[in-house]
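The file final-v2.cif contains mmCIF, C-alpha atoms (C1' of nucleotides):
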```
data_upload
#
loop_
_atom_site.label_atom_id
_atom_site.label_comp_id
_atom_site.auth_asym_id
_atom_site.auth_seq_id
_atom_site.Cartn_x
_atom_site.Cartn_y
_atom_site.Cartn_z
CA MET A 1 29.68 -11.02 -36.25
CA GLU A 2 32.92 -10.73 -34.37
CA PRO A 3 32.68 -13.24 -31.56
CA VAL A 4 36.34 -13.03 -30.53
CA SER A 5 36.36 -9.24 -30.37
CA ALA A 6 33.03 -9.20 -28.56
CA THR A 7 34.32 -11.73 -26.06
CA THR A 8 37.42 -9.64 -25.47
CA ALA A 9 35.33 -6.52 -24.89
CA GLU A 10 33.14 -8.41 -22.47
CA ALA A 11 36.14 -9.73 -20.61
CA LYS A 12 37.51 -6.21 -20.32
CA LYS A 13 34.23 -4.95 -18.95
CA GLY A 14 34.15 -7.86 -16.51
CA GLU A 15 37.64 -6.94 -15.36
CA ARG A 16 36.64 -3.33 -14.79
CA THR A 17 33.56 -4.36 -12.82
CA ARG A 18 35.64 -6.74 -10.75
CA SER A 19 38.18 -4.04 -10.06
CA ALA A 20 35.45 -1.59 -9.00
CA ILE A 21 33.96 -4.24 -6.71
CA LEU A 22 37.34 -4.84 -5.08
CA ASP A 23 37.94 -1.10 -4.55
CA GLY A 24 34.65 -0.95 -2.67
CA ALA A 25 35.45 -4.18 -0.86
CA VAL A 26 38.80 -2.93 0.47
CA GLU A 27 37.18 0.27 1.70
CA LEU A 28 34.25 -1.52 3.30
CA ALA A 29 36.46 -4.16 4.94
CA SER A 30 38.74 -1.46 6.41
CA ALA A 31 35.76 -0.14 8.34
CA GLU A 32 33.59 -3.22 8.88
CA GLY A 33 36.05 -6.09 8.66
CA LEU A 34 36.06 -9.04 6.28
CA ASP A 35 32.95 -10.51 7.92
CA GLY A 36 31.12 -7.19 7.95
CA LEU A 37 31.93 -7.12 4.25
CA THR A 38 28.60 -8.72 3.35
CA ILE A 39 27.72 -9.37 -0.25
CA GLY A 40 24.36 -7.62 0.15
CA HIS A 41 25.88 -4.49 1.67
CA LEU A 42 28.63 -4.27 -0.96
CA ALA A 43 26.16 -4.87 -3.80
CA ALA A 44 23.86 -2.11 -2.53
CA GLU A 45 26.75 0.34 -2.34
CA LEU A 46 27.78 -0.46 -5.91
CA ARG A 47 24.14 -0.50 -7.10
CA MET A 48 24.40 -4.07 -8.30
CA SER A 49 22.34 -7.12 -7.52
CA LYS A 50 23.72 -9.49 -4.91
CA SER A 51 23.86 -12.38 -7.36
CA GLY A 52 25.50 -10.26 -10.05
CA LEU A 53 28.31 -9.40 -7.67
CA PHE A 54 28.45 -12.90 -6.27
CA ALA A 55 28.98 -14.37 -9.75
CA HIS A 56 32.39 -12.70 -9.90
CA PHE A 57 33.70 -14.71 -6.96
CA GLY A 58 31.62 -17.82 -6.34
CA SER A 59 31.88 -17.73 -2.57
CA LYS A 60 32.25 -15.32 0.30
CA GLN A 61 35.70 -16.69 1.04
CA GLU A 62 36.88 -16.09 -2.53
CA LEU A 63 35.65 -12.50 -2.22
CA GLN A 64 37.60 -12.15 1.03
CA LEU A 65 40.77 -13.60 -0.51
CA ALA A 66 40.42 -11.34 -3.56
CA THR A 67 39.95 -8.35 -1.25
CA VAL A 68 43.12 -9.16 0.72
CA ALA A 69 45.05 -9.59 -2.54
CA ALA A 70 43.66 -6.31 -3.91
CA ALA A 71 44.61 -4.40 -0.77
CA GLY A 72 48.16 -5.76 -1.02
CA GLU A 73 48.39 -4.98 -4.72
CA ARG A 74 47.17 -1.40 -4.28
CA PHE A 75 49.63 -0.85 -1.43
CA ARG A 76 52.45 -2.25 -3.51
CA ILE A 77 51.65 0.03 -6.46
CA GLU A 78 51.06 3.20 -4.47
CA VAL A 79 53.70 2.97 -1.74
CA ILE A 80 56.37 0.36 -2.48
CA GLU A 81 56.90 0.62 -6.26
CA PRO A 82 57.63 4.38 -6.26
CA ALA A 83 60.16 3.96 -3.45
CA LEU A 84 62.09 1.30 -5.38
CA ALA A 85 63.43 4.11 -7.58
CA LEU A 86 65.45 5.26 -4.57
CA PRO A 87 68.67 3.49 -3.51
CA PRO A 88 68.28 0.73 -0.88
CA GLY A 89 68.79 1.80 2.71
CA ALA A 90 67.88 4.86 4.72
CA GLU A 91 66.36 6.87 1.88
CA ARG A 92 64.14 4.08 0.60
CA LEU A 93 63.18 3.05 4.13
CA ARG A 94 62.04 6.61 4.84
CA ALA A 95 60.03 6.77 1.61
CA ILE A 96 58.28 3.46 2.29
CA GLY A 97 57.70 4.19 5.98
CA ASN A 98 56.38 7.70 5.49
CA GLY A 99 54.26 6.60 2.52
CA TYR A 100 52.66 3.95 4.73
CA LEU A 101 52.02 6.37 7.61
CA GLU A 102 50.41 8.94 5.31
CA ARG A 103 48.08 6.31 3.90
CA VAL A 104 47.03 5.09 7.33
CA ASN A 105 46.47 8.67 8.46
CA ASP A 106 44.42 9.67 5.40
CA TYR A 107 42.26 6.64 4.68
CA ALA A 108 38.69 7.05 5.83
CA GLY A 109 38.42 3.47 7.04
CA GLY A 110 41.81 3.40 8.78
CA CYS A 111 44.34 0.67 8.22
CA PHE A 112 42.92 -2.32 6.36
CA TRP A 113 45.61 -4.61 7.78
CA PHE A 114 45.01 -3.62 11.39
CA SER A 115 41.34 -4.38 10.98
CA VAL A 116 41.71 -7.76 9.28
CA THR A 117 44.62 -8.94 11.45
CA ALA A 118 42.62 -8.51 14.64
CA GLU A 119 39.67 -10.23 12.99
CA TYR A 120 41.46 -13.29 11.59
CA ASP A 121 44.53 -13.85 13.74
CA ASP A 122 42.72 -16.58 15.69
CA ARG A 123 40.84 -18.25 12.84
CA PRO A 124 42.83 -20.83 10.88
CA GLY A 125 42.20 -21.00 7.14
CA PRO A 126 43.22 -19.52 3.82
CA VAL A 127 42.12 -15.96 4.67
CA ARG A 128 44.31 -15.81 7.74
CA ASP A 129 47.19 -17.40 5.81
CA ALA A 130 46.95 -14.69 3.13
CA ILE A 131 46.96 -11.93 5.75
CA ALA A 132 49.90 -13.52 7.57
CA ALA A 133 51.90 -13.85 4.34
CA ALA A 134 51.31 -10.18 3.53
CA MET A 135 52.38 -9.07 7.00
CA ASP A 136 55.46 -11.34 6.95
CA ALA A 137 56.45 -9.78 3.62
CA TRP A 138 55.89 -6.28 5.03
CA LEU A 139 58.14 -6.89 8.04
CA ALA A 140 60.75 -8.59 5.84
CA LEU A 141 60.79 -5.57 3.52
CA ILE A 142 61.26 -3.14 6.39
CA ALA A 143 63.98 -5.35 7.90
CA ALA A 144 65.83 -5.59 4.57
CA GLU A 145 65.88 -1.82 4.14
CA ALA A 146 66.85 -1.31 7.78
CA ARG A 147 69.75 -3.72 7.29
CA ALA A 148 70.86 -1.83 4.18
CA ALA A 149 70.59 1.38 6.22
CA GLY A 150 73.01 -0.03 8.77
CA HIS A 151 70.71 -0.97 11.64
CA GLU A 152 72.29 -3.34 14.13
CA ASP A 153 69.12 -5.36 14.70
CA PRO A 154 66.94 -5.01 11.58
CA ASP A 155 64.30 -7.53 12.71
CA ARG A 156 63.81 -5.63 15.91
CA PHE A 157 63.59 -2.35 14.03
CA ALA A 158 60.99 -3.86 11.69
CA PHE A 159 58.93 -5.00 14.67
CA GLU A 160 59.15 -1.59 16.30
CA PHE A 161 58.04 0.20 13.17
CA TYR A 162 55.25 -2.31 12.56
CA ALA A 163 54.06 -1.95 16.14
CA ALA A 164 54.26 1.85 16.01
CA GLY A 165 52.06 1.80 12.88
CA LEU A 166 49.44 -0.35 14.62
CA GLY A 167 49.60 1.83 17.72
CA ALA A 168 49.40 5.12 15.81
CA ASN A 169 46.37 3.91 13.90
CA ALA A 170 44.63 2.65 17.03
CA ARG A 171 45.30 5.82 19.08
CA PHE A 172 44.18 8.10 16.28
CA ARG A 173 41.03 6.18 15.38
CA LEU A 174 39.93 5.56 18.95
CA SER A 175 40.87 8.79 20.70
CA GLY A 176 41.88 11.27 17.98
CA ASP A 177 45.47 11.36 19.27
CA ARG A 178 47.83 11.84 16.32
CA ARG A 179 51.07 11.80 18.31
CA GLY A 180 51.63 8.13 17.46
CA PHE A 181 52.32 9.15 13.87
CA ASP A 182 55.06 11.51 15.07
CA TYR A 183 56.62 8.77 17.20
CA ALA A 184 56.51 6.35 14.26
CA ARG A 185 58.04 8.91 11.88
CA ALA A 186 60.80 9.58 14.40
CA LEU A 187 61.76 5.89 14.27
CA LEU A 188 62.61 6.33 10.58
CA GLU A 189 65.17 9.00 11.50
CA ARG A 190 66.82 7.02 14.30
CA PHE A 191 70.08 5.89 12.73
CA PRO A 192 71.96 3.63 12.72
CA GLY A 193 69.54 2.21 15.24
CA PRO A 194 68.92 1.76 18.94
CA ALA A 195 71.14 -0.13 21.33
CA MET B 196 7.14 -18.10 53.52
CA GLU B 197 10.22 -15.94 53.40
CA PRO B 198 9.80 -13.75 50.37
CA VAL B 199 12.71 -11.41 51.18
CA SER B 200 15.17 -14.23 51.75
CA ALA B 201 13.94 -16.07 48.68
CA THR B 202 14.30 -12.90 46.61
CA THR B 203 17.83 -12.41 47.88
CA ALA B 204 18.77 -15.97 47.00
CA GLU B 205 17.32 -15.54 43.54
CA ALA B 206 19.23 -12.29 43.05
CA LYS B 207 22.45 -14.03 44.06
CA LYS B 208 21.83 -16.81 41.58
CA GLY B 209 21.05 -14.24 38.90
CA GLU B 210 24.34 -12.52 39.65
CA ARG B 211 26.27 -15.76 39.35
CA THR B 212 24.60 -16.59 36.05
CA ARG B 213 25.32 -13.11 34.76
CA SER B 214 28.96 -13.41 35.80
CA ALA B 215 29.27 -16.78 34.07
CA ILE B 216 27.70 -15.33 30.93
CA LEU B 217 30.19 -12.46 30.94
CA ASP B 218 33.16 -14.80 31.41
CA GLY B 219 32.06 -16.66 28.31
CA ALA B 220 31.35 -13.39 26.50
CA VAL B 221 34.85 -11.98 27.11
CA GLU B 222 36.41 -15.20 25.86
CA LEU B 223 34.18 -15.41 22.80
CA ALA B 224 34.64 -11.74 21.91
CA SER B 225 38.43 -12.08 22.15
CA ALA B 226 38.30 -14.60 19.34
CA GLU B 227 35.23 -13.55 17.33
CA GLY B 228 34.85 -9.86 18.14
CA LEU B 229 31.90 -8.07 19.69
CA ASP B 230 29.78 -8.64 16.58
CA GLY B 231 30.74 -12.28 16.31
CA LEU B 232 29.61 -12.49 19.93
CA THR B 233 26.11 -13.57 18.91
CA ILE B 234 23.50 -14.28 21.53
CA GLY B 235 22.68 -17.64 19.97
CA HIS B 236 26.30 -18.77 19.89
CA LEU B 237 26.97 -17.66 23.46
CA ALA B 238 23.74 -19.28 24.72
CA ALA B 239 24.62 -22.58 23.04
CA GLU B 240 28.08 -22.56 24.63
CA LEU B 241 26.58 -21.95 28.08
CA ARG B 242 23.74 -24.43 27.44
CA MET B 243 21.09 -21.78 27.99
CA SER B 244 18.21 -20.65 25.83
CA LYS B 245 18.78 -17.52 23.76
CA SER B 246 15.94 -15.67 25.44
CA GLY B 247 17.07 -16.72 28.92
CA LEU B 248 20.47 -15.19 28.27
CA PHE B 249 18.98 -12.21 26.49
CA ALA B 250 16.79 -11.37 29.52
CA HIS B 251 19.93 -10.52 31.51
CA PHE B 252 20.83 -7.65 29.17
CA GLY B 253 17.84 -6.49 27.15
CA SER B 254 19.75 -5.73 23.97
CA LYS B 255 22.83 -6.82 22.07
CA GLN B 256 24.45 -3.46 22.75
CA GLU B 257 23.95 -3.80 26.51
CA LEU B 258 25.59 -7.23 26.32
CA GLN B 259 28.52 -5.69 24.43
CA LEU B 260 28.88 -2.87 26.97
CA ALA B 261 28.71 -5.33 29.86
CA THR B 262 31.35 -7.47 28.15
CA VAL B 263 33.73 -4.51 27.74
CA ALA B 264 33.18 -3.55 31.39
CA ALA B 265 33.75 -7.13 32.53
CA ALA B 266 37.00 -7.42 30.55
CA GLY B 267 38.23 -4.18 32.16
CA GLU B 268 37.18 -5.29 35.63
CA ARG B 269 38.89 -8.67 35.32
CA PHE B 270 42.08 -7.04 34.06
CA ARG B 271 42.00 -4.56 36.91
CA ILE B 272 41.61 -7.30 39.51
CA GLU B 273 44.15 -9.72 38.06
CA VAL B 274 46.89 -7.38 36.86
CA ILE B 275 46.58 -3.86 38.25
CA GLU B 276 45.35 -4.39 41.84
CA PRO B 277 48.19 -6.75 42.84
CA ALA B 278 50.79 -4.32 41.46
CA LEU B 279 49.41 -1.46 43.56
CA ALA B 280 51.03 -3.10 46.58
CA LEU B 281 54.40 -2.15 45.09
CA PRO B 282 55.79 1.40 45.31
CA PRO B 283 54.96 3.71 42.37
CA GLY B 284 57.60 3.86 39.63
CA ALA B 285 59.89 1.34 38.02
CA GLU B 286 58.93 -1.64 40.16
CA ARG B 287 55.20 -1.18 39.78
CA LEU B 288 55.55 -0.40 36.07
CA ARG B 289 57.41 -3.66 35.56
CA ALA B 290 54.79 -5.63 37.48
CA ILE B 291 51.90 -4.14 35.50
CA GLY B 292 53.68 -4.38 32.16
CA ASN B 293 54.85 -7.95 32.61
CA GLY B 294 51.48 -8.98 34.02
CA TYR B 295 49.82 -7.62 30.90
CA LEU B 296 52.26 -9.34 28.54
CA GLU B 297 51.85 -12.69 30.27
CA ARG B 298 48.08 -12.44 29.97
CA VAL B 299 48.20 -11.58 26.28
CA ASN B 300 50.63 -14.43 25.67
CA ASP B 301 48.58 -17.00 27.59
CA TYR B 302 44.98 -16.25 26.70
CA ALA B 303 43.54 -18.60 24.12
CA GLY B 304 41.67 -15.85 22.31
CA GLY B 305 44.51 -13.35 22.34
CA CYS B 306 44.13 -9.80 23.49
CA PHE B 307 40.50 -8.79 23.93
CA TRP B 308 41.39 -5.10 23.52
CA PHE B 309 43.29 -5.58 20.28
CA SER B 310 40.31 -7.40 18.82
CA VAL B 311 37.63 -4.92 19.87
CA THR B 312 39.69 -1.80 19.10
CA ALA B 313 40.17 -2.82 15.47
CA GLU B 314 36.49 -3.70 15.27
CA TYR B 315 35.03 -0.51 16.74
CA ASP B 316 37.58 2.25 16.18
CA ASP B 317 35.60 3.51 13.18
CA ARG B 318 32.07 3.08 14.51
CA PRO B 319 30.77 5.92 16.67
CA GLY B 320 28.57 4.96 19.61
CA PRO B 321 28.64 3.93 23.25
CA VAL B 322 30.59 0.70 22.63
CA ARG B 323 33.44 2.52 20.95
CA ASP B 324 33.37 5.19 23.70
CA ALA B 325 33.70 2.52 26.39
CA ILE B 326 36.66 0.91 24.60
CA ALA B 327 38.31 4.30 24.07
CA ALA B 328 37.88 5.24 27.74
CA ALA B 329 39.46 1.95 28.85
CA MET B 330 42.44 2.41 26.50
CA ASP B 331 42.90 6.07 27.53
CA ALA B 332 42.98 4.93 31.17
CA TRP B 333 45.48 2.19 30.31
CA LEU B 334 47.88 4.61 28.59
CA ALA B 335 47.43 7.15 31.41
CA LEU B 336 48.31 4.49 33.98
CA ILE B 337 51.47 3.46 32.12
CA ALA B 338 52.43 7.11 31.65
CA ALA B 339 51.93 7.89 35.36
CA GLU B 340 54.14 4.99 36.42
CA ALA B 341 56.74 5.89 33.79
CA ARG B 342 56.79 9.45 35.11
CA ALA B 343 57.27 8.17 38.66
CA ALA B 344 60.06 5.96 37.33
CA GLY B 345 61.85 9.00 35.95
CA HIS B 346 61.12 8.76 32.23
CA GLU B 347 61.75 12.00 30.36
CA ASP B 348 58.74 11.59 28.06
CA PRO B 349 56.18 9.39 29.85
CA ASP B 350 53.45 9.82 27.22
CA ARG B 351 55.81 8.65 24.54
CA PHE B 352 56.90 5.71 26.66
CA ALA B 353 53.26 4.78 27.25
CA PHE B 354 52.60 4.86 23.51
CA GLU B 355 55.66 2.72 22.79
CA PHE B 356 54.66 0.11 25.34
CA TYR B 357 51.04 0.13 24.16
CA ALA B 358 52.15 -0.25 20.54
CA ALA B 359 54.63 -3.01 21.43
CA GLY B 360 51.79 -4.91 23.14
CA LEU B 361 49.59 -4.67 20.05
CA GLY B 362 52.48 -5.65 17.81
CA ALA B 363 53.58 -8.59 19.97
CA ASN B 364 50.03 -9.95 20.05
CA ALA B 365 49.60 -9.53 16.29
CA ARG B 366 52.94 -11.14 15.37
CA PHE B 367 52.42 -14.07 17.72
CA ARG B 368 48.82 -14.77 16.71
CA LEU B 369 49.37 -14.37 12.99
CA SER B 370 52.81 -15.88 12.47
CA GLY B 371 53.77 -17.59 15.73
CA ASP B 372 56.66 -15.17 16.27
CA ARG B 373 57.10 -14.54 20.01
CA ARG B 374 60.00 -12.11 19.74
CA GLY B 375 57.64 -9.15 20.08
CA PHE B 376 57.08 -10.13 23.71
CA ASP B 377 60.82 -9.94 24.34
CA TYR B 378 61.03 -6.51 22.71
CA ALA B 379 58.10 -5.29 24.79
CA ARG B 380 59.58 -6.68 28.00
CA ALA B 381 62.87 -4.98 27.19
CA LEU B 382 61.08 -1.61 27.09
CA LEU B 383 60.22 -2.07 30.76
CA GLU B 384 63.92 -2.29 31.60
CA ARG B 385 64.98 0.75 29.55
CA PHE B 386 65.59 3.41 32.20
CA PRO B 387 65.33 6.31 32.62
CA GLY B 388 64.04 6.21 29.06
CA PRO B 389 65.03 6.86 25.47
CA ALA B 390 66.26 10.18 24.09
"C1'" DC C 391 24.59 -9.38 -15.18
"C1'" DC C 392 19.33 -9.98 -13.53
"C1'" DT C 393 14.83 -11.76 -10.73
"C1'" DA C 394 13.22 -14.91 -7.70
"C1'" DC C 395 13.99 -17.84 -4.49
"C1'" DC C 396 16.21 -21.31 -0.54
"C1'" DG C 397 17.43 -22.72 4.52
"C1'" DA C 398 19.94 -20.86 8.36
"C1'" DT C 399 20.75 -17.48 11.63
"C1'" DC C 400 20.41 -12.90 13.32
"C1'" DG C 401 18.41 -9.65 17.29
"C1'" DG C 402 14.36 -9.28 19.55
"C1'" DT C 403 9.28 -10.21 21.48
"C1'" DA C 404 5.06 -12.59 23.62
"C1'" DG C 405 3.63 -15.01 27.19
"C1'" DG C 406 4.43 -17.72 30.78
"C1'" DC D 407 14.67 -18.87 33.13
"C1'" DC D 408 11.75 -21.41 29.20
"C1'" DT D 409 9.06 -22.42 24.37
"C1'" DA D 410 7.48 -20.55 20.42
"C1'" DC D 411 7.57 -17.21 17.54
"C1'" DC D 412 8.60 -12.59 14.41
"C1'" DG D 413 10.79 -9.84 10.30
"C1'" DA D 414 15.31 -8.97 8.44
"C1'" DT D 415 19.42 -10.43 6.56
"C1'" DC D 416 22.92 -13.80 5.75
"C1'" DG D 417 25.51 -16.82 1.94
"C1'" DG D 418 24.23 -19.23 -1.82
"C1'" DT D 419 21.34 -21.39 -6.01
"C1'" DA D 420 18.19 -21.88 -10.22
"C1'" DG D 421 17.39 -20.31 -14.40
"C1'" DG D 422 17.76 -17.09 -17.64
#
```

Represent the supplied structure as structure tokens.
Amino acid sequence: MEPVSATTAEAKKGERTRSAILDGAVELASAEGLDGLTIGHLAAELRMSKSGLFAHFGSKQELQLATVAAAGERFRIEVIEPALALPPGAERLRAIGNGYLERVNDYAGGCFWFSVTAEYDDRPGPVRDAIAAAMDAWLALIAAEARAAGHEDPDRFAFEFYAAGLGANARFRLSGDRRGFDYARALLERFPGPA
Amino acid sequence: MEPVSATTAEAKKGERTRSAILDGAVELASAEGLDGLTIGHLAAELRMSKSGLFAHFGSKQELQLATVAAAGERFRIEVIEPALALPPGAERLRAIGNGYLERVNDYAGGCFWFSVTAEYDDRPGPVRDAIAAAMDAWLALIAAEARAAGHEDPDRFAFEFYAAGLGANARFRLSGDRRGFDYARALLERFPGPA
DNA sequence: CCTACCGATCGGTAGG
DNA sequence: CCTACCGATCGGTAGG
């Protein structure tokens, strides 16, 4: 009767399913990695058939790339976008940095980026390139805000904050030591920056 | 004729084979993780049969535990032992820290501990416990030397150096940026420590 | 989005 | 240390 409208409704439903799949995929990959993110495991968790899920992506690698993109998009929406309402510099840097640390601290699976960086940093290909691009953008964002905040060496500050985030996540997940989060938060208050 | 002597010779050969297997296992796990360390892949690389290799360990988990222990043992022999000839404090801290950074920089597969921490930090069990114990000992060693060197907050210094090591490895492997190694090395010269 | 299937590889075993 | 296997699971396909 109404083929166009029906098609639109179907497309919407497909989009919702795809989005639900990617939510599960980001969570699963944070804990099990992008290889441990098997199509069978993910399908079982979402109560779908393997082939039904698979049809949304066409290959394991496309699922991995979509998962990396989804993790970046969710981080952008939940942490970065809100902070852009603040003026550039110290205030915004603190909002972004603390927003990131809270997320890492709260998420059940720990930091998605820590997990996938360690997994793919030695394996050339599009998945690694997507992870590297996201991390480059993250460090560039921190450096830009640090520069606006008056840091003498913004690139170095960005590295230190990035490293502190990795370290805090690792220490907390492995040994239950939360002090790394305090050290990382303290970096955001160190102005105008170290010698 | 000489059953005891023959048995001893066989045991020696078994030990050498086991050691060669573990060398390959540490290298493979640095790049592919402890799950990607499959018995078939490792056997093919060493030109052994799967079951011949398997017989040395009895289970995948025992192979993983032996690999973690071997990585720790090799690090202890190559980096820590030589530094113990130096007096405790700044000198020894620099030797250990720089020795670690050189290793991470040089190794083809990157840092074994970075790879396996991200992989197992969310999976309870003996493998994760072994990794956590090794990392706790590593931070405690750095903290003890930092204390002897006069740092005001040795635990914090240990965290900062640990984090800088993770960050330097990640930035270099992902994006080819070696500046993290310079930042980490600079920490070893910052005496008696930050505020 | 499903059922039913494919060849390859996984960890592990039997028996020598 | 080997050959020859096992059931389970992998990514992916056919056909609907």

Please tabulate, as a tab-separated table, the residues of chain A that come within 9 Å of chain C, each with its closest pair of atoms and the distance in Å to one decimal, counting only C-alpha atoms (C1' of nucleotides) and ordering rows by chain, then residue number upward.
```
residue	atom	partner	partner_atom	distance
A:Met48	CA	C:DC391	C1'	8.7
A:Ser49	CA	C:DC392	C1'	7.3
A:Ser51	CA	C:DC392	C1'	8.0
A:Gly52	CA	C:DC391	C1'	5.3
A:Leu53	CA	C:DC391	C1'	8.4
A:Ala55	CA	C:DC391	C1'	8.6
```

Select residues of chain B: the criterion is any atom within 6 Å of an atom of chain A, counting all atoms listed in the file; output as a ChimeraX atom specification. /B:310,313,316,327,358-359,362,368-369

Straight-line distance linking atom CA of Ile216 of chain B with atom CA of Leu241 of chain B, stated in Å to one decimal: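 Distance reported for this atom pair: 7.3 Å.
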
Pairwise distance for atom CA of Pro321 of chain B and atom CA of Gln256 of chain B, rounded to one decimal in Å: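 Separation of atom CA of Pro321 of chain B and atom CA of Gln256 of chain B: 8.5 Å.
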
Can you measure atom CA of Gly294 of chain B to atom CA of Glu340 of chain B for me? One decimal in Å is fine. 14.4 Å

What does the PyMOL selection byres ((chain A and resi 98) around 12) select in this file, as number ranges by chain? A: 79-80, 83, 90-97, 99-105, 142, 161, 165, 181-189

Applied to this file, what does the PyMOL selection byres ((chain A and resi 69) around 12) return in terms of residues, put as a PyMOL selection string? chain A and resi 19+22-23+25-26+62-68+70-76+112-113+126-127+129-134
